file entry02.pdb (PDB, C-alpha atoms and all ligand atoms)
ATOM      1  CA  MET A  12     -15.110  -1.182  14.834
ATOM      2  CA  ASP A  13     -18.132  -1.443  12.592
ATOM      3  CA  THR A  14     -17.244  -1.766   8.928
ATOM      4  CA  THR A  15     -20.908  -1.766   7.907
ATOM      5  CA  SER A  16     -21.169   1.876   8.969
ATOM      6  CA  VAL A  17     -21.514   4.544   6.298
ATOM      7  CA  THR A  18     -18.282   6.263   5.356
ATOM      8  CA  ALA A  19     -18.302  10.007   6.015
ATOM      9  CA  TYR A  20     -16.197  12.409   3.967
ATOM     10  CA  LYS A  21     -14.885  15.636   5.387
ATOM     11  CA  GLU A  22     -13.381  18.112   2.949
ATOM     12  CA  ILE A  23     -10.259  19.780   4.264
ATOM     13  CA  GLN A  24      -7.665  22.204   2.907
ATOM     14  CA  CYS A  25      -3.987  21.300   2.951
ATOM     15  CA  GLU A  26      -1.125  23.771   3.000
ATOM     16  CA  SER A  27       1.112  21.773   0.686
ATOM     17  CA  ALA A  28       0.856  18.620  -1.401
ATOM     18  CA  LEU A  29       4.350  17.137  -1.254
ATOM     19  CA  HIS A  30       5.936  16.196   2.026
ATOM     20  CA  LYS A  31       9.717  15.848   2.066
ATOM     21  CA  LEU A  32      10.947  12.716   3.811
ATOM     22  CA  LYS A  33      13.892  12.833   6.152
ATOM     23  CA  ARG A  34      15.492   9.836   4.450
ATOM     24  CA  LYS A  35      15.234   8.726   0.835
ATOM     25  CA  ILE A  36      13.836   5.196   1.107
ATOM     26  CA  PRO A  37      14.399   5.205  -1.946
ATOM     27  CA  PHE A  38      11.893   7.977  -2.662
ATOM     28  CA  GLY A  39      12.242  11.492  -1.328
ATOM     29  CA  TRP A  40       8.655  12.737  -1.241
ATOM     30  CA  ASP A  41       5.260  11.619  -0.014
ATOM     31  CA  LEU A  42       1.890  12.679  -1.417
ATOM     32  CA  LYS A  43      -1.196  12.012   0.694
ATOM     33  CA  ILE A  44      -4.643  12.801  -0.643
ATOM     34  CA  TYR A  45      -6.819  11.226   2.023
ATOM     35  CA  ARG A  46      -6.538  10.938   5.778
ATOM     36  CA  GLY A  47      -8.162   7.773   7.048
ATOM     37  CA  CYS A  48      -8.751   4.726   4.863
ATOM     38  CA  SER A  49     -11.875   2.706   4.094
ATOM     39  CA  HIS A  50      -9.981  -0.519   3.406
ATOM     40  CA  ALA A  51     -10.157  -0.996   7.185
ATOM     41  CA  CYS A  52      -7.182  -3.348   7.529
ATOM     42  CA  ARG A  53      -7.044  -4.686  11.063
ATOM     43  CA  TYR A  54      -3.269  -4.313  11.172
ATOM     44  CA  CYS A  55      -3.149  -0.763   9.763
ATOM     45  CA  TYR A  56      -0.139   1.052  11.186
ATOM     46  CA  ALA A  57      -1.513   4.486  10.160
ATOM     47  CA  ILE A  58      -4.447   4.459  12.595
ATOM     48  CA  TYR A  59      -2.480   6.657  14.986
ATOM     49  CA  SER A  60      -2.592   9.514  12.468
ATOM     50  CA  HIS A  61      -6.290  10.119  13.264
ATOM     51  CA  GLU A  62      -5.604  10.602  16.950
ATOM     52  CA  TYR A  63      -4.769  14.229  16.316
ATOM     53  CA  LEU A  64      -7.946  14.927  14.350
ATOM     54  CA  ASN A  65     -11.035  15.141  16.480
ATOM     55  CA  SER A  66     -12.463  12.281  14.432
ATOM     56  CA  GLY A  67     -14.947   9.443  14.603
ATOM     57  CA  GLY A  68     -12.547   6.817  13.329
ATOM     58  CA  PHE A  69      -9.752   6.103  10.889
ATOM     59  CA  PHE A  70     -11.776   3.639   8.808
ATOM     60  CA  ASP A  71     -14.995   5.564   8.260
ATOM     61  CA  ASP A  72     -14.265   9.263   8.794
ATOM     62  CA  ILE A  73     -12.234  10.104   5.727
ATOM     63  CA  HIS A  74     -10.684  13.533   5.328
ATOM     64  CA  VAL A  75     -10.252  14.666   1.728
ATOM     65  CA  LYS A  76      -7.651  17.287   0.753
ATOM     66  CA  THR A  77      -9.739  18.936  -1.925
ATOM     67  CA  ASN A  78      -7.081  21.527  -2.821
ATOM     68  CA  VAL A  79      -4.217  19.026  -3.133
ATOM     69  CA  VAL A  80      -4.128  19.263  -6.948
ATOM     70  CA  ASP A  81      -3.663  23.065  -6.880
ATOM     71  CA  HIS A  82      -0.789  22.762  -4.433
ATOM     72  CA  LEU A  83       0.805  19.963  -6.421
ATOM     73  CA  GLU A  84       0.716  22.025  -9.606
ATOM     74  CA  ALA A  85       2.416  24.941  -7.841
ATOM     75  CA  GLU A  86       5.080  22.655  -6.376
ATOM     76  CA  LEU A  87       5.833  20.666  -9.548
ATOM     77  CA  SER A  88       6.015  23.807 -11.699
ATOM     78  CA  SER A  89       8.469  25.447  -9.317
ATOM     79  CA  PRO A  90      11.967  25.939 -10.826
ATOM     80  CA  GLY A  91      13.372  24.215  -7.725
ATOM     81  CA  TRP A  92      11.536  20.929  -8.389
ATOM     82  CA  LYS A  93      14.136  18.260  -9.244
ATOM     83  CA  ARG A  94      11.751  15.552 -10.430
ATOM     84  CA  GLU A  95      12.469  13.204  -7.548
ATOM     85  CA  VAL A  96      10.357  10.103  -6.968
ATOM     86  CA  VAL A  97       7.012  10.813  -5.285
ATOM     87  CA  ASN A  98       5.438   8.076  -3.174
ATOM     88  CA  ILE A  99       1.641   8.091  -3.495
ATOM     89  CA  GLY A 100      -0.465   6.009  -1.148
ATOM     90  CA  GLY A 101       2.359   5.069   1.180
ATOM     91  CA  VAL A 102       0.352   6.035   4.261
ATOM     92  CA  THR A 103      -3.288   5.798   3.180
ATOM     93  CA  ASP A 104      -4.563   4.265  -0.030
ATOM     94  CA  SER A 105      -5.086   6.811  -2.819
ATOM     95  CA  TYR A 106      -7.524   4.469  -4.557
ATOM     96  CA  GLN A 107      -9.805   3.849  -1.606
ATOM     97  CA  LYS A 108     -13.591   4.381  -1.926
ATOM     98  CA  ALA A 109     -13.315   8.171  -1.574
ATOM     99  CA  GLU A 110     -11.340   8.325  -4.822
ATOM    100  CA  ASP A 111     -14.337   6.946  -6.686
ATOM    101  CA  VAL A 112     -16.230  10.018  -5.452
ATOM    102  CA  TYR A 113     -13.572  12.754  -5.604
ATOM    103  CA  GLN A 114     -11.528  11.532  -8.602
ATOM    104  CA  LEU A 115      -8.372  13.411  -7.686
ATOM    105  CA  MET A 116      -5.855  10.871  -8.984
ATOM    106  CA  PRO A 117      -6.449  11.559 -12.714
ATOM    107  CA  HIS A 118      -5.572  15.231 -12.119
ATOM    108  CA  ILE A 119      -2.496  14.216 -10.154
ATOM    109  CA  LEU A 120      -1.360  11.789 -12.854
ATOM    110  CA  ARG A 121      -1.800  14.464 -15.543
ATOM    111  CA  LEU A 122       0.475  16.764 -13.521
ATOM    112  CA  LEU A 123       3.070  13.995 -13.119
ATOM    113  CA  ILE A 124       2.989  13.532 -16.903
ATOM    114  CA  GLN A 125       3.222  17.279 -17.550
ATOM    115  CA  TYR A 126       6.178  17.703 -15.188
ATOM    116  CA  LYS A 127       7.823  14.337 -15.995
ATOM    117  CA  THR A 128       7.791  13.329 -12.359
ATOM    118  CA  PRO A 129       8.461   9.699 -11.377
ATOM    119  CA  ALA A 130       6.208   8.037  -8.807
ATOM    120  CA  ILE A 131       5.353   4.949  -6.818
ATOM    121  CA  ILE A 132       1.705   4.035  -6.286
ATOM    122  CA  SER A 133       0.761   1.323  -3.778
ATOM    123  CA  THR A 134      -2.823   0.150  -3.547
ATOM    124  CA  LYS A 135      -5.138  -2.617  -2.417
ATOM    125  CA  SER A 136      -7.828  -1.503  -4.848
ATOM    126  CA  THR A 137      -8.581  -2.236  -8.495
ATOM    127  CA  LEU A 138      -9.950   1.300  -8.931
ATOM    128  CA  ILE A 139      -6.460   2.178 -10.213
ATOM    129  CA  LEU A 140      -7.437   0.458 -13.482
ATOM    130  CA  ARG A 141      -9.723   3.432 -14.171
ATOM    131  CA  ASP A 142      -6.504   5.449 -14.682
ATOM    132  CA  PHE A 143      -4.757   2.832 -16.828
ATOM    133  CA  ASP A 144      -4.236   5.123 -19.827
ATOM    134  CA  LEU A 145      -2.692   7.910 -17.738
ATOM    135  CA  ILE A 146      -0.348   5.514 -15.943
ATOM    136  CA  ASP A 147       0.544   3.948 -19.279
ATOM    137  CA  GLU A 148       1.419   7.408 -20.637
ATOM    138  CA  LEU A 149       3.477   8.276 -17.550
ATOM    139  CA  SER A 150       5.315   4.940 -17.758
ATOM    140  CA  ARG A 151       6.540   5.845 -21.243
ATOM    141  CA  ILE A 152       7.964   9.146 -19.990
ATOM    142  CA  THR A 153       9.545   8.276 -16.658
ATOM    143  CA  TYR A 154       9.697   5.725 -13.856
ATOM    144  CA  ILE A 155       6.398   4.655 -12.353
ATOM    145  CA  ASN A 156       5.951   1.731 -10.028
ATOM    146  CA  VAL A 157       2.536   0.171  -9.455
ATOM    147  CA  ALA A 158       2.585  -2.002  -6.349
ATOM    148  CA  ALA A 159      -0.181  -4.103  -4.859
ATOM    149  CA  THR A 160      -0.077  -5.069  -1.227
ATOM    150  CA  ILE A 161      -1.404  -8.624  -1.020
ATOM    151  CA  THR A 162      -1.061 -10.607   2.181
ATOM    152  CA  THR A 163      -3.009 -13.806   1.605
ATOM    153  CA  MET A 164      -4.602 -15.965  -1.073
ATOM    154  CA  ASN A 165      -7.093 -17.276   1.487
ATOM    155  CA  GLU A 166     -10.251 -15.292   0.752
ATOM    156  CA  ASP A 167     -11.851 -16.069   4.100
ATOM    157  CA  ILE A 168      -8.860 -14.575   5.933
ATOM    158  CA  ARG A 169      -8.594 -11.643   3.495
ATOM    159  CA  ARG A 170     -12.228 -10.684   4.048
ATOM    160  CA  LYS A 171     -11.722 -10.563   7.795
ATOM    161  CA  ILE A 172      -8.409  -8.758   7.967
ATOM    162  CA  GLU A 173      -8.805  -6.352   4.994
ATOM    163  CA  PRO A 174     -12.590  -6.050   4.575
ATOM    164  CA  GLY A 175     -12.560  -2.962   2.330
ATOM    165  CA  SER A 176      -9.883  -4.185  -0.075
ATOM    166  CA  ALA A 177     -10.259  -5.910  -3.438
ATOM    167  CA  LEU A 178     -10.065  -9.702  -3.688
ATOM    168  CA  SER A 179      -6.466 -10.917  -3.812
ATOM    169  CA  VAL A 180      -6.998 -12.547  -7.225
ATOM    170  CA  ASP A 181      -8.369  -9.264  -8.556
ATOM    171  CA  ARG A 182      -5.324  -7.386  -7.276
ATOM    172  CA  PHE A 183      -3.059  -9.828  -9.114
ATOM    173  CA  ALA A 184      -5.204  -9.400 -12.249
ATOM    174  CA  MET A 185      -4.732  -5.637 -11.871
ATOM    175  CA  LEU A 186      -0.942  -6.041 -11.708
ATOM    176  CA  LYS A 187      -1.077  -8.233 -14.788
ATOM    177  CA  GLU A 188      -2.900  -5.467 -16.676
ATOM    178  CA  PHE A 189      -0.178  -2.969 -15.749
ATOM    179  CA  ARG A 190       2.423  -5.430 -17.046
ATOM    180  CA  LYS A 191       1.196  -4.254 -20.470
ATOM    181  CA  THR A 192       2.550  -0.771 -19.713
ATOM    182  CA  ASN A 193       6.138   0.291 -19.185
ATOM    183  CA  ALA A 194       5.565   0.556 -15.423
ATOM    184  CA  SER A 195       7.520  -1.468 -12.934
ATOM    185  CA  ILE A 196       5.116  -3.680 -10.990
ATOM    186  CA  GLY A 197       5.619  -5.072  -7.532
ATOM    187  CA  LEU A 198       4.091  -7.231  -4.864
ATOM    188  CA  HIS A 199       4.271  -6.094  -1.257
ATOM    189  CA  VAL A 200       3.518  -8.908   1.191
ATOM    190  CA  MET A 201       3.101  -6.730   4.268
ATOM    191  CA  PRO A 202       2.455  -7.486   6.971
ATOM    192  CA  ILE A 203       2.959 -11.204   7.254
ATOM    193  CA  ILE A 204       0.867 -12.247  10.265
ATOM    194  CA  PRO A 205       2.223 -15.167  12.350
ATOM    195  CA  TYR A 206      -0.045 -18.261  12.441
ATOM    196  CA  LEU A 207      -2.450 -16.632   9.977
ATOM    197  CA  THR A 208      -0.672 -15.751   6.737
ATOM    198  CA  ASP A 209       2.905 -16.972   7.307
ATOM    199  CA  SER A 210       2.519 -20.545   6.059
ATOM    200  CA  ARG A 211       4.736 -21.862   3.291
ATOM    201  CA  GLU A 212       1.564 -22.718   1.399
ATOM    202  CA  ASN A 213       0.378 -19.082   1.432
ATOM    203  CA  MET A 214       3.816 -17.671   0.595
ATOM    204  CA  GLU A 215       4.180 -20.118  -2.282
ATOM    205  CA  ALA A 216       0.724 -19.231  -3.644
ATOM    206  CA  LEU A 217       1.666 -15.526  -3.528
ATOM    207  CA  CYS A 218       4.971 -16.222  -5.310
ATOM    208  CA  ILE A 219       3.260 -18.262  -8.030
ATOM    209  CA  ASN A 220       0.782 -15.440  -8.632
ATOM    210  CA  ALA A 221       3.589 -12.859  -8.625
ATOM    211  CA  ARG A 222       5.495 -14.865 -11.209
ATOM    212  CA  ASP A 223       2.390 -15.382 -13.339
ATOM    213  CA  CYS A 224       1.601 -11.662 -13.466
ATOM    214  CA  GLY A 225       5.212 -10.788 -14.266
ATOM    215  CA  ALA A 226       6.000  -8.850 -11.075
ATOM    216  CA  ASP A 227       9.384  -7.138 -11.094
ATOM    217  CA  TYR A 228       9.921  -7.775  -7.397
ATOM    218  CA  MET A 229       8.345  -9.042  -4.202
ATOM    219  CA  LEU A 230       8.904  -7.392  -0.841
ATOM    220  CA  PRO A 231       7.927  -9.127   2.406
ATOM    221  CA  GLY A 232       7.512  -7.452   5.807
ATOM    222  CA  THR A 233       6.595  -8.693   9.265
ATOM    223  CA  LEU A 234       3.850  -7.369  11.503
ATOM    224  CA  TYR A 235       4.530  -4.591  14.016
ATOM    225  CA  LEU A 236       1.952  -3.635  16.597
ATOM    226  CA  ARG A 237       2.074  -0.291  18.296
ATOM    227  CA  GLY A 238      -0.342   2.207  19.817
ATOM    228  CA  ALA A 239      -3.939   2.145  18.599
ATOM    229  CA  THR A 240      -3.103  -0.510  15.986
ATOM    230  CA  ARG A 241      -2.393  -3.027  18.723
ATOM    231  CA  ASN A 242      -5.897  -2.713  20.202
ATOM    232  CA  VAL A 243      -7.678  -2.829  16.835
ATOM    233  CA  PHE A 244      -5.637  -5.842  15.754
ATOM    234  CA  PHE A 245      -6.102  -7.897  18.905
ATOM    235  CA  GLU A 246      -9.808  -7.109  19.060
ATOM    236  CA  ALA A 247     -10.179  -8.463  15.508
ATOM    237  CA  MET A 248      -8.095 -11.549  16.323
ATOM    238  CA  ARG A 249     -10.109 -12.246  19.458
ATOM    239  CA  LYS A 250     -13.364 -11.984  17.506
ATOM    240  CA  ASP A 251     -12.487 -13.724  14.223
ATOM    241  CA  PHE A 252      -9.468 -15.903  14.951
ATOM    242  CA  SER A 253      -9.898 -17.070  18.529
ATOM    243  CA  ASP A 254      -7.703 -20.131  17.837
ATOM    244  CA  VAL A 255      -4.580 -18.080  17.091
ATOM    245  CA  TYR A 256      -5.384 -15.146  19.385
ATOM    246  CA  PRO A 257      -3.633 -16.522  22.523
ATOM    247  CA  ARG A 258      -0.499 -17.457  20.567
ATOM    248  CA  LEU A 259      -0.342 -14.027  18.958
ATOM    249  CA  LYS A 260      -0.735 -12.374  22.358
ATOM    250  CA  GLU A 261       2.124 -14.467  23.629
ATOM    251  CA  MET A 262       4.305 -13.693  20.625
ATOM    252  CA  TYR A 263       3.566  -9.949  20.640
ATOM    253  CA  LYS A 264       4.424  -9.059  24.200
ATOM    254  CA  THR A 265       6.368  -6.240  22.587
ATOM    255  CA  GLY A 266       5.816  -4.545  19.214
ATOM    256  CA  GLY A 267       7.597  -7.089  17.020
ATOM    257  CA  THR A 268       8.499 -10.742  16.623
ATOM    258  CA  SER A 269      11.753 -12.401  17.660
ATOM    259  CA  LYS A 270      14.875 -12.469  15.508
ATOM    260  CA  GLU A 271      14.577 -16.276  15.310
ATOM    261  CA  TYR A 272      11.055 -16.005  13.893
ATOM    262  CA  LYS A 273      12.112 -13.409  11.331
ATOM    263  CA  ASP A 274      15.229 -15.355  10.292
ATOM    264  CA  HIS A 275      13.148 -18.475   9.760
ATOM    265  CA  LEU A 276      10.424 -16.605   7.848
ATOM    266  CA  TYR A 277      12.752 -14.680   5.550
ATOM    267  CA  LYS A 278      14.785 -17.814   4.805
ATOM    268  CA  MET A 279      11.599 -19.497   3.620
ATOM    269  CA  VAL A 280      10.504 -16.451   1.593
ATOM    270  CA  ASN A 281      13.937 -16.116  -0.014
ATOM    271  CA  GLU A 282      13.927 -19.794  -1.003
ATOM    272  CA  LEU A 283      10.529 -19.338  -2.632
ATOM    273  CA  ARG A 284      11.565 -16.158  -4.425
ATOM    274  CA  ASP A 285      14.585 -18.041  -5.814
ATOM    275  CA  LYS A 286      12.411 -20.995  -6.794
ATOM    276  CA  TYR A 287      10.062 -18.763  -8.777
ATOM    277  CA  ASP A 288      12.786 -16.400  -9.976
ATOM    278  CA  ILE A 289      11.309 -13.276  -8.409
ATOM    279  CA  SER A 290      13.619 -10.394  -7.582
ATOM    280  CA  SER A 291      13.831  -8.887  -4.118
ATOM    281  CA  SER A 292      15.058  -5.561  -5.456
ATOM    282  CA  TYR A 293      12.605  -2.728  -5.215
ATOM    283  CA  SER A 294      15.042  -0.159  -6.494
ATOM    284  CA  LYS A 295      16.666  -1.969  -9.445
ATOM    285  CA  PRO A 296      13.882  -1.125 -11.951
ATOM    286  CA  MET A 297      13.888   2.439 -10.600
ATOM    287  CA  LYS A 298      17.613   2.918 -11.122
ATOM    288  CA  GLU A 299      17.469   1.397 -14.608
ATOM    289  CA  LYS A 300      14.628   3.687 -15.672
ATOM    290  CA  MET A 301      15.903   6.849 -13.989
ATOM    291  CA  LEU A 302      19.326   6.529 -15.603
ATOM    292  CA  LYS A 303      17.870   6.385 -19.114
TER     293      LYS A 303
HETATM  294  S1  LIG B 401      -4.875   0.058   2.871
HETATM  295 FE1  LIG B 401      -3.158   0.765   4.142
HETATM  296  S2  LIG B 401      -3.865   2.715   4.987
HETATM  297 FE2  LIG B 401      -5.674   1.647   4.238
HETATM  298  S3  LIG B 401      -6.472   0.591   6.051
HETATM  299 FE3  LIG B 401      -5.164  -0.834   4.902
HETATM  300  S4  LIG B 401      -3.138  -0.655   5.854
HETATM  301 FE4  LIG B 401      -4.343   1.135   6.488
END
call {"tool": "encode", "arguments": {"input": "entry02.pdb", "output": "structure tokens"}}
result
Amino acid sequence: MDTTSVTAYKEIQCESALHKLKRKIPFGWDLKIYRGCSHACRYCYAIYSHEYLNSGGFFDDIHVKTNVVDHLEAELSSPGWKREVVNIGGVTDSYQKAEDVYQLMPHILRLLIQYKTPAIISTKSTLILRDFDLIDELSRITYINVAATITTMNEDIRRKIEPGSALSVDRFAMLKEFRKTNASIGLHVMPIIPYLTDSRENMEALCINARDCGADYMLPGTLYLRGATRNVFFEAMRKDFSDVYPRLKEMYKTGGTSKEYKDHLYKMVNELRDKYDISSSYSKPMKEKMLK
């Protein structure tokens, strides 16, 4: 995997914008603008989705759905649209480098405003600040959640495991900006990588930053390794973290960690969330806003 390679964009046509999810978790619809993602996270669980595309690689061969805005307008203006929550960037980041070129999100946000449609946006980029005014406007009409996924406050580790993402401190600064709007803001600490980002020190630093930027909630999640992700992840660990590589190999004989590990980790995270008075509820701000 060579992250110094030039990112290629391939323009594609989609047949619909919104994808209905089998289960509401707690959102019912997914909106994906890009296939592939230049943030190049070594643990990315979406890598498998490029296997069906005759493509050079998930991280540097980005497919752009150039007609997604037209489809979204048709779908949101349909009499059958019930204004359910749309999850944007749940699979690939909608504010990755390609968005700086194609600028599709402002059109999408204008449609969400026009059709009073609630949404969740998760990103590892500060490019979302470009659309601050639109998100501010949407937040005064309906529920909008801006979430940053931040896994570590150690910049040396961050650079190696998420080379295309924004600095962790900049992502927290971005959340703090959105605190000025009516949006719900959240911190997703996913995935927590054993031996690398699971220390109490790192979790506490994340909680302190979450508290300081006024996050509504913090959600943790452990690392799962399946399919192509497993190879990409272990190759990166072998190259950049040779000290923890053997222990990770031992721990991840299957796709996940043991129940004992998870119990211990979540106990520590819960203690820290209590200490810094950070909610664990993703859906509480949503319910409060949607009922208004
Ligand atoms: S931001 Fe998400 S989709 Fe993009 S590479 Fe990282 S984990 Fe994968």
call {"tool": "axis_aligned_box", "arguments": {"input": "entry02.pdb", "around": "ligand LIG 401 (chain B)", "padding_each_side": "4 Å", "output": "AutoDock Vina command-line options"}}
result
--center_x -4.8 --center_y 0.9 --center_z 4.7 --size_x 11.3 --size_y 11.5 --size_z 11.6
call {"tool": "residues_near_ligand", "arguments": {"input": "entry02.pdb", "ligand": "ligand LIG 401 (chain B)", "cutoff": "7 Å", "atoms": "only C-alpha atoms and all ligand atoms", "output": "MDAnalysis selection string"}}
result
chainID A and resid 47:52 54:58 70 102:104 134:135 173
call {"tool": "resolve_selection", "arguments": {"input": "entry02.pdb", "expression": "the PyMOL selection byres (((chain A and resi 88-98) around 12) and not hetatm)", "output": "PyMOL selection string"}}
result
chain A and resi 28-32+35-44+81-87+99-105+119-120+122-134+153-158+294+297-298+300-301
call {"tool": "write_last_selection", "arguments": {"input": "entry02.pdb", "atoms": "C-alpha atoms", "output": "short mmCIF file (atom, residue, chain, number, x, y, z; two decimals), keeping the file's coordinate frame"}}
result
data_model
loop_
_atom_site.label_atom_id
_atom_site.label_comp_id
_atom_site.auth_asym_id
_atom_site.auth_seq_id
_atom_site.Cartn_x
_atom_site.Cartn_y
_atom_site.Cartn_z
CA ALA A 28 0.86 18.62 -1.40
CA LEU A 29 4.35 17.14 -1.25
CA HIS A 30 5.94 16.20 2.03
CA LYS A 31 9.72 15.85 2.07
CA LEU A 32 10.95 12.72 3.81
CA LYS A 35 15.23 8.73 0.84
CA ILE A 36 13.84 5.20 1.11
CA PRO A 37 14.40 5.20 -1.95
CA PHE A 38 11.89 7.98 -2.66
CA GLY A 39 12.24 11.49 -1.33
CA TRP A 40 8.65 12.74 -1.24
CA ASP A 41 5.26 11.62 -0.01
CA LEU A 42 1.89 12.68 -1.42
CA LYS A 43 -1.20 12.01 0.69
CA ILE A 44 -4.64 12.80 -0.64
CA ASP A 81 -3.66 23.06 -6.88
CA HIS A 82 -0.79 22.76 -4.43
CA LEU A 83 0.80 19.96 -6.42
CA GLU A 84 0.72 22.02 -9.61
CA ALA A 85 2.42 24.94 -7.84
CA GLU A 86 5.08 22.66 -6.38
CA LEU A 87 5.83 20.67 -9.55
CA ILE A 99 1.64 8.09 -3.50
CA GLY A 100 -0.46 6.01 -1.15
CA GLY A 101 2.36 5.07 1.18
CA VAL A 102 0.35 6.04 4.26
CA THR A 103 -3.29 5.80 3.18
CA ASP A 104 -4.56 4.26 -0.03
CA SER A 105 -5.09 6.81 -2.82
CA ILE A 119 -2.50 14.22 -10.15
CA LEU A 120 -1.36 11.79 -12.85
CA LEU A 122 0.48 16.76 -13.52
CA LEU A 123 3.07 14.00 -13.12
CA ILE A 124 2.99 13.53 -16.90
CA GLN A 125 3.22 17.28 -17.55
CA TYR A 126 6.18 17.70 -15.19
CA LYS A 127 7.82 14.34 -16.00
CA THR A 128 7.79 13.33 -12.36
CA PRO A 129 8.46 9.70 -11.38
CA ALA A 130 6.21 8.04 -8.81
CA ILE A 131 5.35 4.95 -6.82
CA ILE A 132 1.70 4.04 -6.29
CA SER A 133 0.76 1.32 -3.78
CA THR A 134 -2.82 0.15 -3.55
CA THR A 153 9.54 8.28 -16.66
CA TYR A 154 9.70 5.72 -13.86
CA ILE A 155 6.40 4.66 -12.35
CA ASN A 156 5.95 1.73 -10.03
CA VAL A 157 2.54 0.17 -9.46
CA ALA A 158 2.58 -2.00 -6.35
CA SER A 294 15.04 -0.16 -6.49
CA MET A 297 13.89 2.44 -10.60
CA LYS A 298 17.61 2.92 -11.12
CA LYS A 300 14.63 3.69 -15.67
CA MET A 301 15.90 6.85 -13.99
#
call {"tool": "residues_near_point", "arguments": {"input": "entry02.pdb", "point": "(0.8, -19.4, -6.2)", "cutoff": "12 Å", "atoms": "only C-alpha atoms", "output": "mmCIF file with C-alpha atoms, in the frame of the given file"}}
result
data_model
loop_
_atom_site.group_PDB
_atom_site.id
_atom_site.type_symbol
_atom_site.label_atom_id
_atom_site.label_comp_id
_atom_site.auth_asym_id
_atom_site.auth_seq_id
_atom_site.Cartn_x
_atom_site.Cartn_y
_atom_site.Cartn_z
ATOM 1 C CA THR A 163 -3.009 -13.806 1.605
ATOM 2 C CA MET A 164 -4.602 -15.965 -1.073
ATOM 3 C CA ASN A 165 -7.093 -17.276 1.487
ATOM 4 C CA SER A 179 -6.466 -10.917 -3.812
ATOM 5 C CA VAL A 180 -6.998 -12.547 -7.225
ATOM 6 C CA PHE A 183 -3.059 -9.828 -9.114
ATOM 7 C CA ARG A 211 4.736 -21.862 3.291
ATOM 8 C CA GLU A 212 1.564 -22.718 1.399
ATOM 9 C CA ASN A 213 0.378 -19.082 1.432
ATOM 10 C CA MET A 214 3.816 -17.671 0.595
ATOM 11 C CA GLU A 215 4.180 -20.118 -2.282
ATOM 12 C CA ALA A 216 0.724 -19.231 -3.644
ATOM 13 C CA LEU A 217 1.666 -15.526 -3.528
ATOM 14 C CA CYS A 218 4.971 -16.222 -5.310
ATOM 15 C CA ILE A 219 3.260 -18.262 -8.030
ATOM 16 C CA ASN A 220 0.782 -15.440 -8.632
ATOM 17 C CA ALA A 221 3.589 -12.859 -8.625
ATOM 18 C CA ARG A 222 5.495 -14.865 -11.209
ATOM 19 C CA ASP A 223 2.390 -15.382 -13.339
ATOM 20 C CA CYS A 224 1.601 -11.662 -13.466
ATOM 21 C CA LEU A 283 10.529 -19.338 -2.632
ATOM 22 C CA ARG A 284 11.565 -16.158 -4.425
ATOM 23 C CA LYS A 286 12.411 -20.995 -6.794
ATOM 24 C CA TYR A 287 10.062 -18.763 -8.777
#
call {"tool": "closest_residue", "arguments": {"input": "entry02.pdb", "among": "A:Lys260, A:Lys187, A:Lys108, A:Arg53", "to": "Asp72 (chain A)", "atoms": "all atoms listed in the file"}}
result
A:Lys108
call {"tool": "atom_distance", "arguments": {"input": "entry02.pdb", "atom1": "CA of Pro202 (chain A)", "atom2": "CA of Glu246 (chain A)"}}
result
17.2 Å
call {"tool": "decode", "arguments": {"input": "entry02.pdb", "residues": "region 153-163 of chain A", "atoms": "N, CA and C atoms", "output": "PDB file, in the first residue's frame"}}
result
ATOM      1  N   THR A 153     -33.844  20.836  11.857  1.00  0.00           N
ATOM      2  CA  THR A 153     -34.073  19.446  12.241  1.00  0.00           C
ATOM      3  C   THR A 153     -32.827  18.887  12.907  1.00  0.00           C
ATOM      4  N   TYR A 154     -32.870  17.590  13.208  1.00  0.00           N
ATOM      5  CA  TYR A 154     -31.735  16.939  13.862  1.00  0.00           C
ATOM      6  C   TYR A 154     -30.586  16.752  12.879  1.00  0.00           C
ATOM      7  N   ILE A 155     -29.404  17.160  13.311  1.00  0.00           N
ATOM      8  CA  ILE A 155     -28.189  16.837  12.558  1.00  0.00           C
ATOM      9  C   ILE A 155     -27.114  16.509  13.577  1.00  0.00           C
ATOM     10  N   ASN A 156     -26.434  15.422  13.332  1.00  0.00           N
ATOM     11  CA  ASN A 156     -25.347  15.015  14.220  1.00  0.00           C
ATOM     12  C   ASN A 156     -24.033  15.079  13.451  1.00  0.00           C
ATOM     13  N   VAL A 157     -23.070  15.814  13.989  1.00  0.00           N
ATOM     14  CA  VAL A 157     -21.730  15.846  13.411  1.00  0.00           C
ATOM     15  C   VAL A 157     -20.834  15.034  14.331  1.00  0.00           C
ATOM     16  N   ALA A 158     -20.295  13.949  13.792  1.00  0.00           N
ATOM     17  CA  ALA A 158     -19.441  13.075  14.615  1.00  0.00           C
ATOM     18  C   ALA A 158     -18.049  13.004  14.019  1.00  0.00           C
ATOM     19  N   ALA A 159     -17.053  13.053  14.886  1.00  0.00           N
ATOM     20  CA  ALA A 159     -15.673  12.844  14.444  1.00  0.00           C
ATOM     21  C   ALA A 159     -15.208  11.504  14.990  1.00  0.00           C
ATOM     22  N   THR A 160     -14.616  10.717  14.140  1.00  0.00           N
ATOM     23  CA  THR A 160     -13.972   9.495  14.618  1.00  0.00           C
ATOM     24  C   THR A 160     -12.537   9.860  14.953  1.00  0.00           C
ATOM     25  N   ILE A 161     -12.176   9.681  16.214  1.00  0.00           N
ATOM     26  CA  ILE A 161     -10.809  10.001  16.665  1.00  0.00           C
ATOM     27  C   ILE A 161     -10.350   8.838  17.539  1.00  0.00           C
ATOM     28  N   THR A 162      -9.243   8.242  17.176  1.00  0.00           N
ATOM     29  CA  THR A 162      -8.818   7.020  17.869  1.00  0.00           C
ATOM     30  C   THR A 162      -7.645   7.229  18.810  1.00  0.00           C
ATOM     31  N   THR A 163      -6.866   8.285  18.581  1.00  0.00           N
ATOM     32  CA  THR A 163      -5.673   8.461  19.418  1.00  0.00           C
ATOM     33  C   THR A 163      -5.263   9.922  19.476  1.00  0.00           C
TER      34      THR A 163
END
